[in-house]
>>> print(open('entry-v1.csv').read())   # CSV, C-alpha atoms
chain,number,residue,atom,x,y,z
A,1,MET,CA,34.1,-37.4,-24.7
A,2,LYS,CA,30.6,-38.2,-23.7
A,3,LEU,CA,29.5,-38.7,-20.0
A,4,ASN,CA,26.5,-40.9,-19.2
A,5,HIS,CA,24.0,-39.9,-16.5
A,6,LYS,CA,25.7,-42.0,-13.9
A,7,GLU,CA,29.1,-40.3,-14.6
A,8,ILE,CA,27.5,-36.9,-14.5
A,9,ILE,CA,25.9,-37.6,-11.2
A,10,GLU,CA,29.2,-38.8,-9.8
A,11,GLN,CA,30.8,-35.5,-11.0
A,12,LEU,CA,27.9,-33.5,-9.4
A,13,GLU,CA,28.5,-35.3,-6.1
A,14,GLN,CA,32.0,-33.9,-6.1
A,15,PHE,CA,30.5,-30.5,-5.4
A,16,ARG,CA,29.5,-31.7,-1.9
A,17,ARG,CA,33.1,-30.7,-0.9
A,18,ILE,CA,32.1,-27.1,-1.3
A,19,GLN,CA,32.2,-25.7,2.2
A,20,PRO,CA,31.6,-22.1,3.5
A,21,ARG,CA,34.5,-20.4,5.3
A,22,ALA,CA,34.5,-21.3,9.0
A,23,GLU,CA,35.0,-17.6,10.0
A,24,PHE,CA,32.0,-16.5,8.0
A,25,SER,CA,29.8,-19.3,9.4
A,26,GLU,CA,30.7,-18.4,13.0
A,27,GLN,CA,30.2,-14.6,12.5
A,28,SER,CA,26.9,-15.1,10.6
A,29,LYS,CA,25.5,-17.4,13.2
A,30,SER,CA,26.3,-15.1,16.1
A,31,LEU,CA,24.8,-12.1,14.2
A,32,ILE,CA,21.6,-14.0,13.4
A,33,LEU,CA,21.1,-15.4,16.9
A,34,SER,CA,21.6,-11.9,18.4
A,35,SER,CA,19.0,-10.3,16.2
A,36,PRO,CA,15.4,-10.1,17.4
A,37,ARG,CA,12.7,-12.4,16.2
A,38,LEU,CA,9.5,-11.2,14.7
A,39,SER,CA,6.5,-11.9,16.8
A,40,PRO,CA,4.3,-14.8,15.3
A,41,GLU,CA,1.4,-12.3,14.8
A,42,LEU,CA,3.6,-10.2,12.5
A,43,ALA,CA,5.2,-13.2,10.8
A,44,THR,CA,2.2,-15.4,10.2
A,45,PRO,CA,0.8,-15.0,6.6
A,46,ILE,CA,-2.7,-15.3,8.0
A,47,SER,CA,-2.2,-12.3,10.2
A,48,TRP,CA,-0.9,-10.3,7.2
A,49,VAL,CA,-4.1,-11.3,5.4
A,50,THR,CA,-6.1,-10.1,8.4
A,51,ARG,CA,-4.1,-6.9,8.5
A,52,LEU,CA,-4.7,-6.4,4.8
A,53,GLN,CA,-8.5,-7.0,5.3
A,54,TYR,CA,-8.5,-4.6,8.3
A,55,GLY,CA,-6.6,-2.0,6.2
A,56,MET,CA,-9.1,-2.5,3.3
A,57,SER,CA,-12.0,-2.1,5.7
A,58,SER,CA,-10.5,1.1,7.1
A,59,VAL,CA,-10.1,2.4,3.6
A,60,LEU,CA,-13.7,1.5,2.8
A,61,ARG,CA,-14.9,3.1,6.0
A,62,ILE,CA,-13.0,6.4,5.3
A,63,GLY,CA,-14.2,6.2,1.7
A,64,SER,CA,-17.8,5.9,2.7
A,65,PHE,CA,-17.5,8.8,5.1
A,66,VAL,CA,-16.0,11.0,2.4
A,67,SER,CA,-18.7,10.0,-0.1
A,68,VAL,CA,-21.5,10.7,2.4
A,69,GLY,CA,-19.9,14.1,3.1
A,70,LEU,CA,-19.6,14.9,-0.6
A,71,SER,CA,-23.2,13.8,-1.2
A,72,ILE,CA,-24.4,16.2,1.5
A,73,LEU,CA,-22.4,19.0,0.0
A,74,ILE,CA,-23.6,18.4,-3.5
A,75,ILE,CA,-27.3,18.1,-2.4
A,76,SER,CA,-27.1,21.3,-0.4
A,77,LEU,CA,-25.5,23.2,-3.3
A,78,TYR,CA,-28.2,21.9,-5.6
A,79,ALA,CA,-30.9,22.9,-3.1
A,80,THR,CA,-29.4,26.4,-2.7
A,81,ARG,CA,-29.1,27.0,-6.4
A,82,GLU,CA,-32.2,25.3,-7.8
A,83,LEU,CA,-34.7,24.8,-5.1
A,84,SER,CA,-34.2,27.9,-3.0
A,85,PRO,CA,-37.1,29.9,-4.7
A,86,VAL,CA,-39.4,27.1,-3.7
A,87,LEU,CA,-38.1,26.1,-0.4
A,88,PHE,CA,-36.6,29.4,0.7
A,89,PRO,CA,-38.6,32.3,-0.8
A,90,GLY,CA,-36.3,34.8,0.8
A,91,LEU,CA,-33.6,33.6,-1.5
A,92,SER,CA,-35.5,34.2,-4.8
A,93,PRO,CA,-33.8,36.7,-7.2
A,94,GLN,CA,-36.7,39.2,-7.0
A,95,SER,CA,-36.6,39.4,-3.3
A,96,ILE,CA,-32.8,39.6,-3.3
A,97,THR,CA,-33.0,42.5,-5.9
A,98,ALA,CA,-35.6,44.4,-3.8
A,99,GLU,CA,-33.5,44.0,-0.7
A,100,ALA,CA,-30.5,45.2,-2.5
A,101,GLU,CA,-32.4,48.3,-3.8
A,102,MET,CA,-33.6,49.0,-0.2
A,103,LEU,CA,-30.0,48.8,1.0
A,104,THR,CA,-28.9,51.2,-1.7
A,105,SER,CA,-31.5,53.8,-0.9
A,106,SER,CA,-30.8,53.6,2.8
A,107,MET,CA,-27.1,53.9,2.0
A,108,ASN,CA,-27.9,57.1,-0.1
A,109,ILE,CA,-29.8,58.5,2.9
A,110,GLU,CA,-26.9,57.8,5.1
A,111,LEU,CA,-24.6,59.5,2.6
A,112,SER,CA,-26.8,62.7,2.5
A,113,ARG,CA,-26.8,62.8,6.3
A,114,LEU,CA,-23.1,62.4,6.3
A,115,GLY,CA,-22.9,65.4,3.9
A,116,TYR,CA,-25.0,67.5,6.3
A,117,PHE,CA,-22.8,66.5,9.2
A,118,ASP,CA,-19.8,67.4,7.1
A,119,THR,CA,-21.1,70.9,6.3
A,120,ALA,CA,-22.2,71.5,9.9
A,121,SER,CA,-18.8,70.5,11.2
A,122,GLN,CA,-17.1,72.8,8.7
A,123,GLU,CA,-19.2,75.7,9.9
A,124,SER,CA,-18.6,74.9,13.5
A,125,SER,CA,-15.0,74.7,12.9
A,126,ALA,CA,-15.1,78.1,11.2
A,127,ALA,CA,-17.0,79.6,14.1
A,128,LEU,CA,-14.5,78.1,16.6
A,129,LYS,CA,-11.7,79.6,14.5
A,130,GLN,CA,-13.3,83.0,14.7
A,131,LEU,CA,-13.7,82.7,18.4
A,132,SER,CA,-10.1,81.7,18.8
A,133,GLN,CA,-9.1,84.8,16.8
A,134,LYS,CA,-11.4,87.2,18.9
A,135,GLN,CA,-13.2,88.5,15.9
A,136,LEU,CA,-16.7,88.2,17.4
A,137,ASN,CA,-17.0,91.8,18.8
A,138,HIS,CA,-20.5,92.2,17.4
A,139,LEU,CA,-21.6,89.5,19.9
A,140,ASN,CA,-20.2,91.2,22.9
A,141,ASP,CA,-23.0,92.5,25.3
A,142,THR,CA,-21.2,95.7,26.3
A,143,ILE,CA,-20.4,96.6,22.8
A,144,ILE,CA,-24.0,95.9,21.7
A,145,GLY,CA,-25.3,98.1,24.6
A,146,SER,CA,-23.1,101.1,23.6
A,147,GLU,CA,-24.1,100.7,20.0
A,148,VAL,CA,-27.8,100.8,21.0
A,149,THR,CA,-27.2,104.0,23.0
A,150,THR,CA,-25.4,105.5,20.1
A,151,ILE,CA,-28.1,104.6,17.7
A,152,GLN,CA,-30.8,105.9,20.0
A,153,LYS,CA,-28.9,109.2,20.5
A,154,SER,CA,-28.4,109.6,16.7
A,155,THR,CA,-32.0,108.8,15.9
A,156,GLN,CA,-33.5,110.9,18.8
A,157,SER,CA,-35.7,113.9,17.4
A,158,SER,CA,-37.2,117.0,19.1
A,159,PRO,CA,-41.0,117.2,20.0
A,160,ASP,CA,-41.5,120.0,17.5
A,161,GLU,CA,-40.1,117.9,14.7
A,162,THR,CA,-42.4,115.1,15.9
A,163,SER,CA,-45.5,117.3,15.8
A,164,GLN,CA,-44.6,118.6,12.4
A,165,ILE,CA,-44.2,115.1,11.0
A,166,ASN,CA,-47.5,114.1,12.5
A,167,ASN,CA,-49.2,117.1,10.9
A,168,LEU,CA,-47.7,116.2,7.6
A,169,ILE,CA,-49.0,112.7,7.9
A,170,ASN,CA,-52.4,113.8,8.8
A,171,GLN,CA,-52.6,116.2,5.8
A,172,LEU,CA,-51.4,113.5,3.5
A,173,SER,CA,-54.0,111.1,4.8
A,174,ASN,CA,-56.8,113.6,4.4
B,175,MET,CA,28.6,-29.3,15.9
B,176,VAL,CA,25.1,-30.4,16.7
B,177,ASP,CA,24.4,-30.9,20.4
B,178,ASP,CA,23.9,-34.5,21.4
B,179,ARG,CA,20.6,-33.6,23.1
B,180,PHE,CA,19.2,-32.6,19.7
B,181,THR,CA,19.2,-35.9,18.0
B,182,ASP,CA,15.7,-35.5,16.6
B,183,GLU,CA,15.3,-32.8,14.1
B,184,HIS,CA,11.7,-32.5,14.9
B,185,GLU,CA,12.5,-31.9,18.6
B,186,ILE,CA,15.1,-29.2,17.6
B,187,LEU,CA,12.6,-27.6,15.3
B,188,LYS,CA,9.9,-27.4,18.0
B,189,ARG,CA,12.3,-25.8,20.4
B,190,ALA,CA,13.5,-23.3,17.7
B,191,ILE,CA,9.9,-22.4,17.0
B,192,ALA,CA,9.4,-21.8,20.7
B,193,GLY,CA,12.2,-19.2,20.5
B,194,GLU,CA,15.2,-21.2,21.8
B,195,SER,CA,18.2,-19.7,20.0
B,196,SER,CA,20.5,-22.7,20.7
B,197,ALA,CA,18.0,-25.0,18.9
B,198,PHE,CA,18.0,-22.7,15.9
B,199,GLY,CA,21.8,-22.6,16.2
B,200,SER,CA,21.7,-26.4,15.8
B,201,LEU,CA,19.5,-26.2,12.7
B,202,TYR,CA,22.0,-23.6,11.4
B,203,ASP,CA,24.9,-26.0,11.9
B,204,ILE,CA,23.0,-28.7,10.0
B,205,TYR,CA,21.7,-26.8,7.1
B,206,GLN,CA,24.0,-23.8,6.6
B,207,PRO,CA,26.7,-25.7,4.6
B,208,LEU,CA,24.0,-27.2,2.3
B,209,LEU,CA,22.2,-23.9,1.7
B,210,TYR,CA,25.6,-22.2,1.1
B,211,ARG,CA,26.5,-24.9,-1.5
B,212,PHE,CA,23.2,-24.5,-3.2
B,213,ILE,CA,23.4,-20.7,-3.4
B,214,TYR,CA,27.1,-20.8,-4.4
B,215,LEU,CA,26.4,-23.1,-7.3
B,216,ARG,CA,23.5,-20.8,-8.4
B,217,VAL,CA,25.4,-17.5,-8.2
B,218,SER,CA,29.0,-18.7,-8.6
B,219,HIS,CA,30.4,-16.0,-6.4
B,220,ARG,CA,31.7,-16.7,-2.9
B,221,GLU,CA,31.0,-13.3,-1.3
B,222,GLU,CA,27.6,-13.1,-2.8
B,223,ALA,CA,26.8,-16.7,-1.7
B,224,GLU,CA,27.9,-15.8,1.8
B,225,ASP,CA,25.7,-12.7,1.9
B,226,LEU,CA,22.7,-14.6,0.5
B,227,THR,CA,23.2,-17.5,2.9
B,228,HIS,CA,23.3,-15.1,5.8
B,229,GLN,CA,20.1,-13.5,4.6
B,230,VAL,CA,18.3,-16.8,4.3
B,231,PHE,CA,19.1,-17.9,7.9
B,232,LEU,CA,18.3,-14.4,9.2
B,233,SER,CA,14.9,-14.5,7.5
B,234,ALA,CA,14.4,-18.1,8.8
B,235,TRP,CA,15.3,-17.1,12.4
B,236,GLN,CA,13.0,-14.1,12.3
B,237,ASN,CA,10.1,-16.0,10.8
B,238,ILE,CA,10.5,-19.5,12.4
B,239,GLY,CA,7.7,-18.7,14.8
B,240,SER,CA,5.2,-18.9,12.0
B,241,PHE,CA,6.6,-22.1,10.5
B,242,LYS,CA,4.0,-24.8,10.2
B,243,GLU,CA,5.4,-28.3,9.8
B,244,GLN,CA,2.5,-29.8,7.9
B,245,GLY,CA,4.6,-32.9,7.4
B,246,LEU,CA,7.3,-31.1,5.4
B,247,PRO,CA,10.9,-31.1,6.5
B,248,VAL,CA,12.5,-27.8,7.6
B,249,SER,CA,15.0,-28.2,4.7
B,250,SER,CA,12.2,-27.7,2.1
B,251,TRP,CA,11.3,-24.4,3.9
B,252,LEU,CA,14.9,-23.3,3.9
B,253,TYR,CA,15.4,-24.1,0.3
B,254,GLN,CA,12.2,-22.2,-0.6
B,255,ILE,CA,13.7,-19.1,1.1
B,256,ALA,CA,17.0,-19.7,-0.6
B,257,ARG,CA,15.4,-20.0,-4.0
B,258,ASN,CA,13.5,-16.8,-3.5
B,259,ARG,CA,16.7,-15.0,-2.5
B,260,VAL,CA,18.5,-16.2,-5.6
B,261,ILE,CA,15.6,-15.1,-7.8
B,262,ASP,CA,15.7,-11.7,-6.1
B,263,TYR,CA,19.4,-11.5,-6.6
B,264,TYR,CA,19.2,-12.0,-10.3
B,265,ARG,CA,16.2,-9.7,-10.6
B,266,THR,CA,17.7,-6.8,-8.7
B,267,LYS,CA,21.3,-7.0,-9.6
B,268,HIS,CA,20.6,-7.8,-13.3
B,269,VAL,CA,23.4,-10.3,-13.3
B,270,SER,CA,23.9,-11.8,-16.7
B,271,LEU,CA,25.2,-15.3,-17.1
B,272,SER,CA,28.1,-15.7,-19.4
B,273,LEU,CA,28.8,-19.0,-21.1
B,274,ASP,CA,32.4,-17.8,-21.7
B,275,ASP,CA,33.4,-18.1,-18.1
B,276,THR,CA,34.9,-21.5,-18.4
B,277,GLN,CA,38.0,-20.4,-16.6
B,278,GLU,CA,36.1,-19.4,-13.4
B,279,GLU,CA,37.2,-21.1,-10.2
B,280,ILE,CA,35.1,-24.1,-9.0
B,281,HIS,CA,35.4,-23.1,-5.4
B,282,PRO,CA,38.4,-22.5,-3.1
B,283,SER,CA,37.5,-25.5,-1.0
B,284,ILE,CA,37.9,-27.7,-4.2
B,285,ASP,CA,40.6,-25.8,-5.9
B,286,ASP,CA,42.8,-26.2,-2.9
B,287,THR,CA,42.5,-30.0,-2.9
B,288,PRO,CA,45.1,-32.3,-4.4
B,289,ASP,CA,42.7,-33.5,-7.1
B,290,SER,CA,44.3,-34.0,-10.5
B,291,LEU,CA,44.2,-31.2,-12.9
B,292,ASP,CA,42.1,-33.3,-15.2
B,293,GLN,CA,39.5,-33.8,-12.5
B,294,LYS,CA,39.4,-30.1,-11.7
B,295,ILE,CA,38.9,-29.3,-15.4
B,296,LYS,CA,36.1,-31.8,-15.6
B,297,LEU,CA,34.4,-30.3,-12.6
B,298,GLY,CA,34.8,-26.9,-14.1
B,299,HIS,CA,33.0,-28.1,-17.3
B,300,VAL,CA,30.2,-29.6,-15.2
B,301,LYS,CA,29.8,-26.3,-13.3
B,302,THR,CA,29.7,-24.2,-16.4
B,303,ALA,CA,27.2,-26.6,-18.1
B,304,LEU,CA,25.1,-26.6,-15.0
B,305,ARG,CA,24.9,-22.8,-14.9
B,306,SER,CA,23.8,-22.7,-18.5
B,307,LEU,CA,20.6,-24.7,-17.7
B,308,HIS,CA,17.2,-23.1,-16.9
B,309,PRO,CA,17.1,-22.0,-13.3
B,310,ASP,CA,14.4,-24.6,-12.4
B,311,GLN,CA,16.5,-27.3,-13.9
B,312,GLN,CA,19.6,-26.1,-12.0
B,313,ASP,CA,17.6,-26.2,-8.7
B,314,ILE,CA,16.5,-29.7,-9.3
B,315,ILE,CA,20.0,-31.0,-10.3
B,316,ILE,CA,21.6,-29.3,-7.3
B,317,MET,CA,19.0,-30.4,-4.8
B,318,ARG,CA,18.8,-34.0,-6.0
B,319,PHE,CA,22.4,-34.9,-6.9
B,320,VAL,CA,24.6,-32.4,-5.1
B,321,GLU,CA,22.6,-32.0,-1.9
B,322,GLY,CA,21.1,-35.5,-2.0
B,323,LEU,CA,17.5,-34.5,-1.2
B,324,SER,CA,14.7,-36.9,-1.8
B,325,ASN,CA,12.1,-36.4,-4.5
B,326,ALA,CA,9.6,-35.6,-1.9
B,327,GLU,CA,11.8,-32.9,-0.3
B,328,VAL,CA,12.6,-31.4,-3.8
B,329,ALA,CA,8.9,-31.4,-4.6
B,330,ALA,CA,8.0,-29.6,-1.4
B,331,ALA,CA,10.7,-27.0,-1.9
B,332,LEU,CA,9.6,-26.4,-5.5
B,333,HIS,CA,5.9,-26.6,-4.8
B,334,LYS,CA,5.5,-29.4,-7.4
B,335,HIS,CA,4.3,-33.0,-7.4
B,336,GLU,CA,6.9,-35.7,-7.0
B,337,GLY,CA,6.0,-37.1,-10.4
B,338,THR,CA,6.7,-33.7,-12.0
B,339,VAL,CA,10.0,-33.5,-10.2
B,340,ARG,CA,11.0,-36.9,-11.6
B,341,VAL,CA,10.2,-35.8,-15.1
B,342,LEU,CA,11.9,-32.5,-14.7
B,343,GLN,CA,14.9,-34.2,-13.2
B,344,HIS,CA,15.2,-36.5,-16.2
B,345,ARG,CA,15.0,-33.6,-18.6
B,346,ALA,CA,17.5,-31.6,-16.6
B,347,LEU,CA,20.0,-34.5,-16.6
B,348,ARG,CA,19.6,-34.9,-20.4
B,349,ASN,CA,20.1,-31.2,-21.0
B,350,LEU,CA,23.1,-31.2,-18.8
B,351,GLN,CA,24.5,-34.1,-20.7
B,352,LYS,CA,24.0,-32.1,-24.0
B,353,LYS,CA,25.6,-29.0,-22.6
B,354,LEU,CA,28.6,-31.0,-21.4
B,355,GLN,CA,29.0,-32.6,-24.8
B,356,LYS,CA,29.0,-29.1,-26.3
B,357,GLU,CA,31.6,-28.1,-23.7
B,358,TYR,CA,33.9,-30.9,-24.6
B,359,GLU,CA,33.4,-30.3,-28.3
B,360,ILE,CA,34.4,-26.6,-27.9
B,361,GLU,CA,37.5,-27.6,-25.9
B,362,SER,CA,38.6,-30.3,-28.4
>>> encode(input="entry-v1.csv", output="structure tokens")
Amino acid sequence: MKLNHKEIIEQLEQFRRIQPRAEFSEQSKSLILSSPRLSPELATPISWVTRLQYGMSSVLRIGSFVSVGLSILIISLYATRELSPVLFPGLSPQSITAEAEMLTSSMNIELSRLGYFDTASQESSAALKQLSQKQLNHLNDTIIGSEVTTIQKSTQSSPDETSQINNLINQLSN
Amino acid sequence: MVDDRFTDEHEILKRAIAGESSAFGSLYDIYQPLLYRFIYLRVSHREEAEDLTHQVFLSAWQNIGSFKEQGLPVSSWLYQIARNRVIDYYRTKHVSLSLDDTQEEIHPSIDDTPDSLDQKIKLGHVKTALRSLHPDQQDIIIMRFVEGLSNAEVAAALHKHEGTVRVLQHRALRNLQKKLQKEYEIES
């Protein structure tokens, strides 16, 4: 069986009887009409193009800021590393080494001073300890006075002995 | 039913663009059965066709504010949306067309009619042959001969020249004839 074009078209026209379900149509329509519409600014293709352009320009703006920042950073790093001896003499390796040596020597001085303070503090603490234990009798004025008297008494000699000694000295000197 | 006040589609469209929901409701009443039919014949599944039709009109309602007439009927714009939805449907759902589905139903609204069995079988063959065509050829056949759109409307919906549509339409009919011949040969 072979259909010609006219017969095929007649058969195709039979499909016009295809209809959506009435319940579906009603439900779909009410749902659609109750949904919000997009504003023309958002829906217009031109506005999307404009938004895209705006977005692109924002990206370009941000990109240019970033590239400028990076350039400044790179240049300053280069200047610090390569040009510092010329532009900043204080940053030359020789001056830095000298400054470091100076710092080391001053640190050594400080260390020796710290050593002295440490020794002094140890001695002070020992003296304080002695004081607290009442072992400093030799520094007591009364004791010292009595000791002086005792010594004077024990070393005291008679006038005869003194004249004899003087004679002996004179004889020896002659 | 379309309100008597809205006799001129152009007037209805203008009011719909202005945001009048009743005007868009009238457009819906006019074009929804056509768009549903077009989509159903392309996807051959009632629920999917209903879902896609709903999406088409929802999209149309949301975007009608940006619709520019430019001398084209609103039907062309709606068919453009529908075509894109069908393309997305096949792309995202990876639906494969089977040529073995000769036993599929035509549509409940035709199956339930007192047509002769012979007529129903014939329609089933036509539907199967139609679905085996290239999607562009299916679109042209459905728009021109099922929906009854003019060449100008089809051209506008497909973004093609009218002359191109005529040529494509002729090729599509010839292919459909070949496919139908094959169908009948398989059956006999």
>>> residues_around(input="entry-v1.csv", residues="region 29-31 of chain A", least_positions_apart="5", cutoff="9 Å", atoms="only C-alpha atoms", output="PyMOL selection string")
(chain A and resi 24) or (chain B and resi 199+202-203+228+231-232)
>>> closest_atom_pairs(input="entry-v1.csv", of="chain B", to="chain A", cutoff="7 Å", atoms="only C-alpha atoms", output="JSON lines")
{"residue": "B:Ser195", "atom": "CA", "partner": "A:Leu33", "partner_atom": "CA", "distance": 6.0}
{"residue": "B:Pro207", "atom": "CA", "partner": "A:Gln19", "partner_atom": "CA", "distance": 6.0}
{"residue": "B:Tyr210", "atom": "CA", "partner": "A:Pro20", "partner_atom": "CA", "distance": 6.5}
{"residue": "B:Arg211", "atom": "CA", "partner": "A:Ile18", "partner_atom": "CA", "distance": 6.0}
{"residue": "B:His228", "atom": "CA", "partner": "A:Ser28", "partner_atom": "CA", "distance": 6.0}
{"residue": "B:Leu232", "atom": "CA", "partner": "A:Ile32", "partner_atom": "CA", "distance": 5.4}
{"residue": "B:Trp235", "atom": "CA", "partner": "A:Arg37", "partner_atom": "CA", "distance": 6.6}
{"residue": "B:Gln236", "atom": "CA", "partner": "A:Arg37", "partner_atom": "CA", "distance": 4.3}
{"residue": "B:Asn237", "atom": "CA", "partner": "A:Ala43", "partner_atom": "CA", "distance": 5.6}
{"residue": "B:Gly239", "atom": "CA", "partner": "A:Pro40", "partner_atom": "CA", "distance": 5.2}
{"residue": "B:Ser240", "atom": "CA", "partner": "A:Thr44", "partner_atom": "CA", "distance": 4.9}
{"residue": "B:His281", "atom": "CA", "partner": "A:Ile18", "partner_atom": "CA", "distance": 6.6}
{"residue": "B:Ser283", "atom": "CA", "partner": "A:Ile18", "partner_atom": "CA", "distance": 5.6}
{"residue": "B:Ile284", "atom": "CA", "partner": "A:Ile18", "partner_atom": "CA", "distance": 6.5}
{"residue": "B:Leu297", "atom": "CA", "partner": "A:Gln11", "partner_atom": "CA", "distance": 6.5}
{"residue": "B:Phe319", "atom": "CA", "partner": "A:Glu13", "partner_atom": "CA", "distance": 6.2}
{"residue": "B:Val320", "atom": "CA", "partner": "A:Glu13", "partner_atom": "CA", "distance": 5.0}
{"residue": "B:Glu321", "atom": "CA", "partner": "A:Arg16", "partner_atom": "CA", "distance": 6.9}
{"residue": "B:Leu347", "atom": "CA", "partner": "A:His5", "partner_atom": "CA", "distance": 6.7}
{"residue": "B:Gln351", "atom": "CA", "partner": "A:Leu3", "partner_atom": "CA", "distance": 6.8}
{"residue": "B:Gln355", "atom": "CA", "partner": "A:Lys2", "partner_atom": "CA", "distance": 5.9}
{"residue": "B:Tyr358", "atom": "CA", "partner": "A:Met1", "partner_atom": "CA", "distance": 6.5}
>>> atom_distance(input="entry-v1.csv", atom1="CA of Leu332 (chain B)", atom2="CA of Trp251 (chain B)")
9.8 Å
>>> atom_distance(input="entry-v1.csv", atom1="CA of Glu185 (chain B)", atom2="CA of Asn325 (chain B)")
23.5 Å
>>> atom_distance(input="entry-v1.csv", atom1="CA of Ser95 (chain A)", atom2="CA of Leu114 (chain A)")
28.3 Å
>>> residues_around(input="entry-v1.csv", residues="Val260 (chain B)", least_positions_apart="5", cutoff="9 Å", atoms="all atoms listed in the file", output="list in words")
Ile213, Arg216, Val217, Leu226, Ile255 and Arg265 of chain B
